[in-house]
Amino acid sequence: MSAMDDSLKIDLDKIVRERAGKRARWIPRFVTRWLERFIHQDFINSYLVEGREGVDFCEGVIEFLGVTLTVEGLENLPADARPMTFVSNHPLGAIDGVTLGGVIGRRYGGRVKYLVNDLLMNLKGLAPLCIGINKFGGQARNFPKQVAEAFASDNHIIMFPAGLCSRLIDGQIHDVPWSKAFVAKSVQSQRDIVPVHFIGENSARFYRIAQWCKRLHLKFNFAMLTLPDEMYRSQGRHYTVRFGRPIPYQTFDSSRTPAEWALWVEEEAYRL
């Protein structure tokens, strides 16, 4: 295998140690070996070495996993639309993201960007579509500038305003309340907002772990560690994604607060 192929792979041990900094020496190698098996690193790398990038990378993930899709509402997306903000619920944590990147990116000739956790920048095939945001540490100072540049570009923006995967809430799989930021930034940049409803769910184990994290008031999101395994388990499944009509940015006036408008858009998405 060539050095180029190796550079496309995920090296979890390296990622963990780089982010741990001086504390890396206290992390036993057997711990990262276990994590590598748990996230199915070899399985993921067997796809990454194909070298697909951008929208093609997203579409390739769906093919690789044997996932099938029903996409509804494409007729609601004008082919010549100026840059818009796509906001979706976040039930899965991986497949929903790459699906939206593939569908929207194909619709608009690759003019699409995600605002994502900077950890995803380690996926070199996905990185061209990402604006990596590190909300912690020194890099967090660049957060406002990065977001402003994203919304000022001619790319369509994909956001998951909940910021987390959906949780089991009152017996239903549902997002935590959506952040209001997408409303303010879309109005400021004169972007219409497209509500999206992705229909799917993770395993019962994921929701149990998330619930225990909440009950124990744990700061670290342990449920997030299971997301690669959830993606692995999604092989052969079928999902549905529904696009609503673009909501003109002028809709979001002073009759409601940005938080109230965010809740309204969230409800519109779940009604699709």
# chains A, B, ... in the order shown; residues from 1 in each chain; ligands from 1
$ select_by_dssp --residues "region 106-232 of chain A" --states "strand (DSSP E or B)" --output "count of residues only"
27
$ residues_around --residues "Asp229 (chain A)" --least-positions-apart "5" --cutoff "9 Å" --atoms "only C-alpha atoms" --output "list in words"
Phe38, Ile39, His40 and Ser234 of chain A
$ write_last_selection --atoms "C-alpha atoms" --output "tab-separated table (two decimals), in the first residue's frame"
chain	number	residue	atom	x	y	z
A	38	PHE	CA	-14.78	-0.34	19.05
A	39	ILE	CA	-15.04	2.30	16.29
A	40	HIS	CA	-14.24	-0.31	13.60
A	234	SER	CA	-26.56	0.88	9.81
$ residues_around --residues "Leu168 (chain A)" --least-positions-apart "2" --cutoff "12 Å" --atoms "only C-alpha atoms" --output "VMD selection string"
chain A and resid 91 165 to 166 170 to 176 201 to 212 214
$ write_last_selection --atoms "N, CA and C atoms" --output "PDB file, in the first residue's frame"
ATOM      1  N   PRO A  91     -30.814  12.596  13.898  1.00  0.00           N
ATOM      2  CA  PRO A  91     -31.105  11.332  14.585  1.00  0.00           C
ATOM      3  C   PRO A  91     -29.971  10.321  14.619  1.00  0.00           C
ATOM      4  N   CYS A 165     -26.761  14.522  18.704  1.00  0.00           N
ATOM      5  CA  CYS A 165     -27.697  13.563  18.124  1.00  0.00           C
ATOM      6  C   CYS A 165     -28.988  13.565  18.941  1.00  0.00           C
ATOM      7  N   SER A 166     -30.075  13.185  18.290  1.00  0.00           N
ATOM      8  CA  SER A 166     -31.365  13.119  18.963  1.00  0.00           C
ATOM      9  C   SER A 166     -31.287  12.222  20.198  1.00  0.00           C
ATOM     10  N   ASP A 170     -39.222  11.813  26.617  1.00  0.00           N
ATOM     11  CA  ASP A 170     -40.640  11.475  26.860  1.00  0.00           C
ATOM     12  C   ASP A 170     -41.113  10.352  25.938  1.00  0.00           C
ATOM     13  N   GLY A 171     -40.252   9.357  25.769  1.00  0.00           N
ATOM     14  CA  GLY A 171     -40.617   8.183  24.985  1.00  0.00           C
ATOM     15  C   GLY A 171     -40.495   8.348  23.482  1.00  0.00           C
ATOM     16  N   GLN A 172     -40.052   9.512  23.023  1.00  0.00           N
ATOM     17  CA  GLN A 172     -39.927   9.774  21.594  1.00  0.00           C
ATOM     18  C   GLN A 172     -38.477  10.131  21.244  1.00  0.00           C
ATOM     19  N   ILE A 173     -38.029   9.712  20.039  1.00  0.00           N
ATOM     20  CA  ILE A 173     -36.712  10.103  19.566  1.00  0.00           C
ATOM     21  C   ILE A 173     -36.829  11.511  19.004  1.00  0.00           C
ATOM     22  N   HIS A 174     -36.146  12.457  19.648  1.00  0.00           N
ATOM     23  CA  HIS A 174     -36.326  13.856  19.269  1.00  0.00           C
ATOM     24  C   HIS A 174     -35.049  14.628  19.601  1.00  0.00           C
ATOM     25  N   ASP A 175     -34.790  15.690  18.822  1.00  0.00           N
ATOM     26  CA  ASP A 175     -33.647  16.552  19.120  1.00  0.00           C
ATOM     27  C   ASP A 175     -33.842  17.278  20.440  1.00  0.00           C
ATOM     28  N   VAL A 176     -32.716  17.654  21.057  1.00  0.00           N
ATOM     29  CA  VAL A 176     -32.779  18.646  22.127  1.00  0.00           C
ATOM     30  C   VAL A 176     -33.087  19.978  21.448  1.00  0.00           C
ATOM     31  N   GLU A 201     -33.269   6.229  13.397  1.00  0.00           N
ATOM     32  CA  GLU A 201     -32.905   6.224  14.816  1.00  0.00           C
ATOM     33  C   GLU A 201     -31.734   5.297  15.063  1.00  0.00           C
ATOM     34  N   ASN A 202     -31.031   5.544  16.141  1.00  0.00           N
ATOM     35  CA  ASN A 202     -29.914   4.702  16.552  1.00  0.00           C
ATOM     36  C   ASN A 202     -30.420   3.547  17.405  1.00  0.00           C
ATOM     37  N   SER A 203     -29.487   2.747  17.916  1.00  0.00           N
ATOM     38  CA  SER A 203     -29.850   1.591  18.726  1.00  0.00           C
ATOM     39  C   SER A 203     -30.325   2.038  20.108  1.00  0.00           C
ATOM     40  N   ALA A 204     -31.024   1.136  20.791  1.00  0.00           N
ATOM     41  CA  ALA A 204     -31.481   1.417  22.154  1.00  0.00           C
ATOM     42  C   ALA A 204     -30.293   1.664  23.081  1.00  0.00           C
ATOM     43  N   ARG A 205     -29.170   0.980  22.816  1.00  0.00           N
ATOM     44  CA  ARG A 205     -27.969   1.177  23.634  1.00  0.00           C
ATOM     45  C   ARG A 205     -27.520   2.630  23.622  1.00  0.00           C
ATOM     46  N   PHE A 206     -27.551   3.267  22.450  1.00  0.00           N
ATOM     47  CA  PHE A 206     -27.133   4.671  22.344  1.00  0.00           C
ATOM     48  C   PHE A 206     -27.954   5.558  23.268  1.00  0.00           C
ATOM     49  N   TYR A 207     -29.269   5.363  23.264  1.00  0.00           N
ATOM     50  CA  TYR A 207     -30.133   6.222  24.073  1.00  0.00           C
ATOM     51  C   TYR A 207     -29.972   5.937  25.563  1.00  0.00           C
ATOM     52  N   ARG A 208     -29.702   4.670  25.920  1.00  0.00           N
ATOM     53  CA  ARG A 208     -29.456   4.347  27.327  1.00  0.00           C
ATOM     54  C   ARG A 208     -28.207   5.054  27.829  1.00  0.00           C
ATOM     55  N   ILE A 209     -27.136   5.008  27.028  1.00  0.00           N
ATOM     56  CA  ILE A 209     -25.888   5.659  27.428  1.00  0.00           C
ATOM     57  C   ILE A 209     -26.094   7.166  27.568  1.00  0.00           C
ATOM     58  N   ALA A 210     -26.812   7.757  26.605  1.00  0.00           N
ATOM     59  CA  ALA A 210     -27.074   9.200  26.658  1.00  0.00           C
ATOM     60  C   ALA A 210     -27.869   9.564  27.913  1.00  0.00           C
ATOM     61  N   GLN A 211     -28.836   8.724  28.258  1.00  0.00           N
ATOM     62  CA  GLN A 211     -29.646   9.002  29.450  1.00  0.00           C
ATOM     63  C   GLN A 211     -28.813   8.917  30.722  1.00  0.00           C
ATOM     64  N   TRP A 212     -27.929   7.913  30.809  1.00  0.00           N
ATOM     65  CA  TRP A 212     -27.092   7.778  31.992  1.00  0.00           C
ATOM     66  C   TRP A 212     -26.106   8.948  32.109  1.00  0.00           C
ATOM     67  N   LYS A 214     -26.678  11.938  31.220  1.00  0.00           N
ATOM     68  CA  LYS A 214     -27.467  13.070  31.719  1.00  0.00           C
ATOM     69  C   LYS A 214     -27.752  12.906  33.214  1.00  0.00           C
TER      70      LYS A 214
END
$ select_by_dssp --residues "region 18-229 of chain A" --states "helix (DSSP H, G or I)" --output "number ranges by chain"
A: 18-26, 29-38, 41-48, 54-65, 74-76, 95-107, 118-122, 127-129, 138-152, 181-188, 204-215, 222-225, 227-229
$ residues_around --residues "Ser189 (chain A)" --least-positions-apart "6" --cutoff "12 Å" --atoms "only C-alpha atoms" --output "ChimeraX atom specification"
/A:82-85,147-157,182-183,248-250
$ closest_residue --among "A:Pro228, A:Pro258, A:Gly93, A:Pro246" --to "Asp42 (chain A)" --atoms "only C-alpha atoms"
A:Pro228
$ atom_distance --atom1 "CA of Leu8 (chain A)" --atom2 "CA of Lys124 (chain A)"
6.2 Å
$ closest_atom_pairs --of "region 124-225 of chain A" --to "region 54-75 of chain A" --cutoff "7 Å" --atoms "only C-alpha atoms" --output "tab-separated table"
residue	atom	partner	partner_atom	distance
A:Gly125	CA	A:Phe57	CA	5.9
A:Leu126	CA	A:Gly54	CA	5.5
A:Pro128	CA	A:Gly54	CA	5.7
A:Leu129	CA	A:Gly54	CA	5.8
$ write_last_selection --atoms "N, CA and C atoms" --output "short mmCIF file (atom, residue, chain, number, x, y, z; two decimals), in the first residue's frame"
data_model
loop_
_atom_site.label_atom_id
_atom_site.label_comp_id
_atom_site.auth_asym_id
_atom_site.auth_seq_id
_atom_site.Cartn_x
_atom_site.Cartn_y
_atom_site.Cartn_z
N GLY A 125 -11.35 12.84 2.99
CA GLY A 125 -12.31 12.88 1.89
C GLY A 125 -13.48 13.80 2.16
N LEU A 126 -13.82 13.95 3.45
CA LEU A 126 -14.94 14.82 3.82
C LEU A 126 -14.49 16.25 4.08
N PRO A 128 -12.96 18.64 2.51
CA PRO A 128 -13.23 19.74 1.59
C PRO A 128 -14.63 20.36 1.74
N LEU A 129 -15.55 19.61 2.35
CA LEU A 129 -16.91 20.12 2.54
C LEU A 129 -17.11 20.72 3.93
#
$ atom_distance --atom1 "CA of Glu36 (chain A)" --atom2 "CA of Cys213 (chain A)"
22.2 Å
$ atom_distance --atom1 "CA of Gly102 (chain A)" --atom2 "CA of Asp5 (chain A)"
23.1 Å
